[in-house]
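Novice: Just so it is clear, I am handing over structure37.csv, which has CSV, C-alpha atoms.
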chain,number,residue,atom,x,y,z
A,1,MET,CA,87.1,52.6,20.6
A,2,LYS,CA,90.7,52.5,19.4
A,3,LEU,CA,92.0,49.0,19.0
A,4,HIS,CA,95.7,48.0,18.9
A,5,PHE,CA,97.0,46.0,15.9
A,6,GLN,CA,99.1,43.3,17.5
A,7,SER,CA,102.5,42.2,16.2
A,8,ASP,CA,101.4,38.5,15.9
A,9,GLU,CA,97.9,39.2,14.7
A,10,THR,CA,96.5,38.6,11.2
A,11,PHE,CA,95.4,41.7,9.5
A,12,VAL,CA,92.0,40.1,8.7
A,13,SER,CA,91.6,39.6,12.5
A,14,PHE,CA,92.3,43.2,13.1
A,15,VAL,CA,89.8,44.2,10.4
A,16,SER,CA,87.2,41.9,11.9
A,17,ARG,CA,87.7,43.3,15.4
A,18,SER,CA,87.6,46.9,14.1
A,19,ALA,CA,84.4,46.3,12.2
A,20,ARG,CA,82.7,44.8,15.2
A,21,SER,CA,83.8,47.7,17.4
A,22,PHE,CA,82.2,50.1,14.8
A,23,GLY,CA,79.0,48.2,15.1
A,24,LEU,CA,79.3,46.5,11.7
A,25,SER,CA,78.6,42.8,11.3
A,26,GLY,CA,82.2,42.0,10.3
A,27,ALA,CA,85.2,42.4,8.1
A,28,GLU,CA,83.3,42.0,4.9
A,29,ASP,CA,81.1,45.0,5.7
A,30,LEU,CA,84.1,47.2,6.6
A,31,VAL,CA,86.0,46.2,3.4
A,32,ARG,CA,82.9,47.0,1.3
A,33,ASP,CA,82.4,50.3,3.1
A,34,VAL,CA,86.0,51.3,2.3
A,35,GLY,CA,85.1,50.6,-1.4
A,36,VAL,CA,87.6,47.8,-2.2
A,37,SER,CA,87.0,44.4,-3.6
A,38,LEU,CA,86.5,41.6,-1.0
A,39,GLY,CA,88.4,39.2,-3.3
A,40,SER,CA,91.4,41.5,-3.6
A,41,PHE,CA,91.4,41.9,0.2
A,42,HIS,CA,91.5,38.2,0.8
A,43,LYS,CA,94.2,37.7,-1.8
A,44,GLY,CA,96.3,40.4,-0.1
A,45,HIS,CA,96.6,42.8,-3.0
A,46,ARG,CA,98.9,45.6,-1.8
A,47,ASP,CA,96.7,48.6,-2.9
A,48,THR,CA,93.6,47.1,-1.2
A,49,ILE,CA,95.4,46.3,2.0
A,50,THR,CA,96.9,49.8,2.0
A,51,LYS,CA,93.5,51.5,1.6
A,52,VAL,CA,91.9,49.5,4.4
A,53,ALA,CA,95.0,50.0,6.7
A,54,LYS,CA,94.9,53.8,6.1
A,55,VAL,CA,91.2,53.9,7.0
A,56,LEU,CA,91.9,52.0,10.2
A,57,GLY,CA,95.0,54.2,11.1
A,58,VAL,CA,97.4,51.2,10.8
A,59,ASP,CA,100.8,51.2,9.1
A,60,PRO,CA,100.1,49.9,5.6
A,61,GLU,CA,103.4,48.0,5.4
A,62,LEU,CA,102.7,46.2,8.7
A,63,ALA,CA,99.2,45.4,7.5
A,64,PHE,CA,100.5,44.1,4.2
A,65,ALA,CA,103.2,41.9,5.9
A,66,GLN,CA,100.6,40.5,8.3
A,67,SER,CA,98.1,39.7,5.5
A,68,PHE,CA,97.9,36.4,3.6
A,69,ARG,CA,99.2,37.4,0.1
A,70,ARG,CA,98.3,34.9,-2.6
A,71,ILE,CA,101.3,34.3,-4.9
A,72,ASP,CA,99.7,31.6,-7.1
A,73,ALA,CA,97.3,28.7,-6.7
A,74,GLN,CA,99.7,26.8,-4.5
A,75,ASN,CA,101.6,29.5,-2.5
A,76,THR,CA,100.8,32.3,-0.2
A,77,LYS,CA,103.1,34.8,1.6
A,78,LEU,CA,102.8,35.8,5.3
A,79,LEU,CA,105.4,38.1,6.7
A,80,ASN,CA,108.6,37.0,4.8
A,81,MET,CA,107.5,33.3,4.6
A,82,THR,CA,106.1,31.5,1.6
A,83,LEU,CA,103.6,28.9,2.7
A,84,ARG,CA,101.9,26.2,0.6
A,85,GLU,CA,98.3,27.0,0.3
A,86,LYS,CA,97.4,23.5,1.6
A,87,ARG,CA,99.2,24.3,4.8
A,88,LEU,CA,96.8,27.2,5.6
A,89,LEU,CA,93.5,26.9,7.4
A,90,ARG,CA,91.4,29.1,5.1
A,91,GLY,CA,88.0,30.0,6.6
A,92,LYS,CA,88.6,27.7,9.6
A,93,LEU,CA,89.5,29.0,13.1
A,94,ARG,CA,91.5,27.3,15.8
A,95,VAL,CA,92.3,29.1,19.0
A,96,CYS,CA,94.3,28.8,22.2
A,97,PRO,CA,91.9,29.4,25.2
A,98,ALA,CA,94.7,30.6,27.4
A,99,CYS,CA,95.7,33.3,24.8
A,100,LEU,CA,92.1,34.5,24.6
A,101,ARG,CA,91.8,34.6,28.4
A,102,SER,CA,95.0,36.5,28.6
A,103,ASP,CA,93.8,39.0,25.9
A,104,ILE,CA,90.5,39.6,27.7
A,105,GLY,CA,91.6,39.7,31.3
A,106,PRO,CA,89.7,38.7,34.3
A,107,GLU,CA,86.2,39.8,33.1
A,108,LEU,CA,84.5,39.3,29.7
A,109,THR,CA,82.7,42.5,28.9
A,110,GLU,CA,81.6,44.3,25.7
A,111,THR,CA,84.8,46.4,25.9
A,112,THR,CA,87.3,43.6,26.9
A,113,ALA,CA,85.9,41.3,24.2
A,114,PHE,CA,87.6,43.3,21.5
A,115,ASN,CA,91.0,42.7,23.0
A,116,ALA,CA,91.0,39.0,21.9
A,117,TYR,CA,92.6,38.5,18.5
A,118,ALA,CA,93.6,35.7,16.1
A,119,ARG,CA,97.3,34.9,16.0
A,120,MET,CA,99.1,34.3,12.7
A,121,ALA,CA,100.3,30.9,13.9
A,122,TRP,CA,96.7,29.7,14.4
A,123,SER,CA,96.1,29.8,10.7
A,124,ILE,CA,99.0,27.6,9.8
A,125,ALA,CA,97.9,23.9,9.8
A,126,PRO,CA,101.2,22.3,11.1
A,127,PHE,CA,100.9,24.4,14.3
A,128,LYS,CA,98.9,22.2,16.6
A,129,VAL,CA,100.1,23.7,19.9
A,130,CYS,CA,100.2,27.3,21.1
A,131,PRO,CA,103.9,28.3,21.1
A,132,ILE,CA,103.3,30.4,24.2
A,133,HIS,CA,101.1,28.2,26.5
A,134,ARG,CA,101.9,24.8,25.0
A,135,LEU,CA,98.2,24.0,24.9
A,136,PHE,CA,96.6,22.3,21.9
A,137,LEU,CA,94.8,24.7,19.6
A,138,VAL,CA,91.1,23.9,19.6
A,139,ASP,CA,88.1,24.5,17.4
A,140,PRO,CA,85.6,27.0,18.7
A,141,PRO,CA,82.5,25.2,20.1
A,142,GLU,CA,80.3,26.6,17.3
A,143,ALA,CA,80.9,27.3,13.7
A,144,GLY,CA,81.6,30.9,12.7
A,145,VAL,CA,81.6,32.9,9.6
A,146,ASN,CA,84.8,32.8,7.5
A,147,HIS,CA,87.3,35.5,8.4
A,148,GLU,CA,85.2,36.8,11.3
A,149,PHE,CA,87.2,36.2,14.4
A,150,ASN,CA,85.0,37.9,16.9
A,151,ARG,CA,81.9,35.9,16.1
A,152,THR,CA,83.3,32.5,17.1
A,153,TRP,CA,85.3,32.8,20.3
A,154,LYS,CA,82.9,34.3,22.9
A,155,LEU,CA,81.2,31.0,23.6
A,156,LEU,CA,84.5,29.3,24.1
A,157,ILE,CA,85.5,31.9,26.8
A,158,VAL,CA,82.1,31.6,28.6
A,159,THR,CA,82.2,27.8,28.6
A,160,GLU,CA,85.7,27.7,29.9
A,161,ASN,CA,84.8,29.5,33.2
Let's see the structure in the file written out as structure tokens.
Specialist:
Amino acid sequence: MKLHFQSDETFVSFVSRSARSFGLSGAEDLVRDVGVSLGSFHKGHRDTITKVAKVLGVDPELAFAQSFRRIDAQNTKLLNMTLREKRLLRGKLRVCPACLRSDIGPELTETTAFNAYARMAWSIAPFKVCPIHRLFLVDPPEAGVNHEFNRTWKLLIVTEN
């Protein structure tokens, strides 16, 4: 299944979705299969992001821009913004239920499930409300695995029905 890398999606979300669509347990497995360091992937090293992006058929520059790129212990870049590390929600996921519903459509199936993706804004702590739907961002009902978007949101969709 070919997934589309969204313009407001984090690259780690796309990698997680892609990994799950390939039948892998998540982003960590895919990154390891590509043969790059997991640490360099999560720090946003250009060569690592480029290698993963090429394997997934994504523009490496777009993937790099939409990755969290560690500058130093206090600062990270995302797109052209420099963000204080303490302003990022590392390893924690908040979502907008309306965005997820919109991504999936009227029916949650194995195929439509891979359409739901994590927005960049959801990882920035000061964002408390979805900029599109004006709903509060919420924690998923069960804890997930760090950086694994597709493992945490399905229960939220099911319980919202």
Novice: So that I can see what lies close to Val31 (chain A), please list as a CSV table (one decimal) with C-alpha atoms, in the coordinates of the input the residues with an atom at most 8 Å from it, counting all atoms listed in the file and leaving out residues fewer than 6 positions away in the same chain.
Specialist:
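As a result, result-v8.csv now contains:
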chain,number,residue,atom,x,y,z
A,37,SER,CA,87.0,44.4,-3.6
A,38,LEU,CA,86.5,41.6,-1.0
A,41,PHE,CA,91.4,41.9,0.2
A,52,VAL,CA,91.9,49.5,4.4
Novice: Counting only C-alpha atoms, figure out which residue out of A:Lys2, A:Arg94, A:Arg101, A:Arg17 gets nearest to Ala121 (chain A).
Specialist: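 Distance minimum relative to Ala121 (chain A) lands on A:Arg94.
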Novice: Would you mind listing what lies within 10 Å of Arg87 (chain A) as a JSON list (two decimals) with C-alpha atoms, in the frame of the given file, with all atoms listed in the file counted and same-chain residues fewer than 3 positions away left out?
Specialist:
[["chain", "number", "residue", "atom", "x", "y", "z"],
["A", 74, "GLN", "CA", 99.70, 26.80, -4.50],
["A", 75, "ASN", "CA", 101.60, 29.50, -2.50],
["A", 76, "THR", "CA", 100.80, 32.30, -0.20],
["A", 83, "LEU", "CA", 103.60, 28.90, 2.70],
["A", 84, "ARG", "CA", 101.90, 26.20, 0.60],
["A", 90, "ARG", "CA", 91.40, 29.10, 5.10],
["A", 123, "SER", "CA", 96.10, 29.80, 10.70],
["A", 124, "ILE", "CA", 99.00, 27.60, 9.80],
["A", 125, "ALA", "CA", 97.90, 23.90, 9.80],
["A", 126, "PRO", "CA", 101.20, 22.30, 11.10],
["A", 127, "PHE", "CA", 100.90, 24.40, 14.30]]
Novice: Restricting the calculation to only C-alpha atoms, which member of A:Gly57, A:Gly44, A:Pro106, A:Pro131 is positioned closest to Ser18 (chain A)?
Specialist: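 Smallest distance to Ser18 (chain A) is found for A:Gly57.
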Novice: Using all atoms listed in the file, which of the listed residues (A:Tyr117, A:Phe136, A:Asp59, A:Leu93) sits closest to Thr10 (chain A)?
Specialist: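 Among A:Tyr117, A:Phe136, A:Asp59, A:Leu93, it is A:Tyr117 that comes nearest to Thr10 (chain A).
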Novice: Which residues come within 12 Å of Ile49 (chain A), counting all atoms listed in the file, excluding same-chain residues fewer than 5 positions away, as a PDB file with C-alpha atoms, keeping the file's coordinate frame?
Specialist:
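Below you can see around-v3.pdb, which holds the result:
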ATOM      1  CA  PHE A  11      95.400  41.700   9.500  1.00  0.00           C
ATOM      2  CA  VAL A  12      92.000  40.100   8.700  1.00  0.00           C
ATOM      3  CA  PHE A  14      92.300  43.200  13.100  1.00  0.00           C
ATOM      4  CA  VAL A  15      89.800  44.200  10.400  1.00  0.00           C
ATOM      5  CA  VAL A  31      86.000  46.200   3.400  1.00  0.00           C
ATOM      6  CA  VAL A  34      86.000  51.300   2.300  1.00  0.00           C
ATOM      7  CA  GLY A  35      85.100  50.600  -1.400  1.00  0.00           C
ATOM      8  CA  VAL A  36      87.600  47.800  -2.200  1.00  0.00           C
ATOM      9  CA  SER A  37      87.000  44.400  -3.600  1.00  0.00           C
ATOM     10  CA  LEU A  38      86.500  41.600  -1.000  1.00  0.00           C
ATOM     11  CA  GLY A  39      88.400  39.200  -3.300  1.00  0.00           C
ATOM     12  CA  SER A  40      91.400  41.500  -3.600  1.00  0.00           C
ATOM     13  CA  PHE A  41      91.400  41.900   0.200  1.00  0.00           C
ATOM     14  CA  HIS A  42      91.500  38.200   0.800  1.00  0.00           C
ATOM     15  CA  LYS A  43      94.200  37.700  -1.800  1.00  0.00           C
ATOM     16  CA  GLY A  44      96.300  40.400  -0.100  1.00  0.00           C
ATOM     17  CA  LYS A  54      94.900  53.800   6.100  1.00  0.00           C
ATOM     18  CA  VAL A  55      91.200  53.900   7.000  1.00  0.00           C
ATOM     19  CA  LEU A  56      91.900  52.000  10.200  1.00  0.00           C
ATOM     20  CA  VAL A  58      97.400  51.200  10.800  1.00  0.00           C
ATOM     21  CA  ASP A  59     100.800  51.200   9.100  1.00  0.00           C
ATOM     22  CA  PRO A  60     100.100  49.900   5.600  1.00  0.00           C
ATOM     23  CA  GLU A  61     103.400  48.000   5.400  1.00  0.00           C
ATOM     24  CA  LEU A  62     102.700  46.200   8.700  1.00  0.00           C
ATOM     25  CA  ALA A  63      99.200  45.400   7.500  1.00  0.00           C
ATOM     26  CA  PHE A  64     100.500  44.100   4.200  1.00  0.00           C
ATOM     27  CA  ALA A  65     103.200  41.900   5.900  1.00  0.00           C
ATOM     28  CA  GLN A  66     100.600  40.500   8.300  1.00  0.00           C
ATOM     29  CA  SER A  67      98.100  39.700   5.500  1.00  0.00           C
ATOM     30  CA  PHE A  68      97.900  36.400   3.600  1.00  0.00           C
ATOM     31  CA  ARG A  69      99.200  37.400   0.100  1.00  0.00           C
TER      32      ARG A  69
END
Novice: Taking all atoms listed in the file into account, which of A:Gly105, A:Ala98, A:Ser25, A:Ile71 comes nearest Arg134 (chain A)?
Specialist: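 The shortest atom-to-atom distance to Arg134 (chain A) comes from A:Ala98.
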Novice: For CA of Thr111 (chain A) and CA of Asp8 (chain A), quote the distance in Å rounded to one decimal.
Specialist: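 Interatomic distance here is 20.9 Å.
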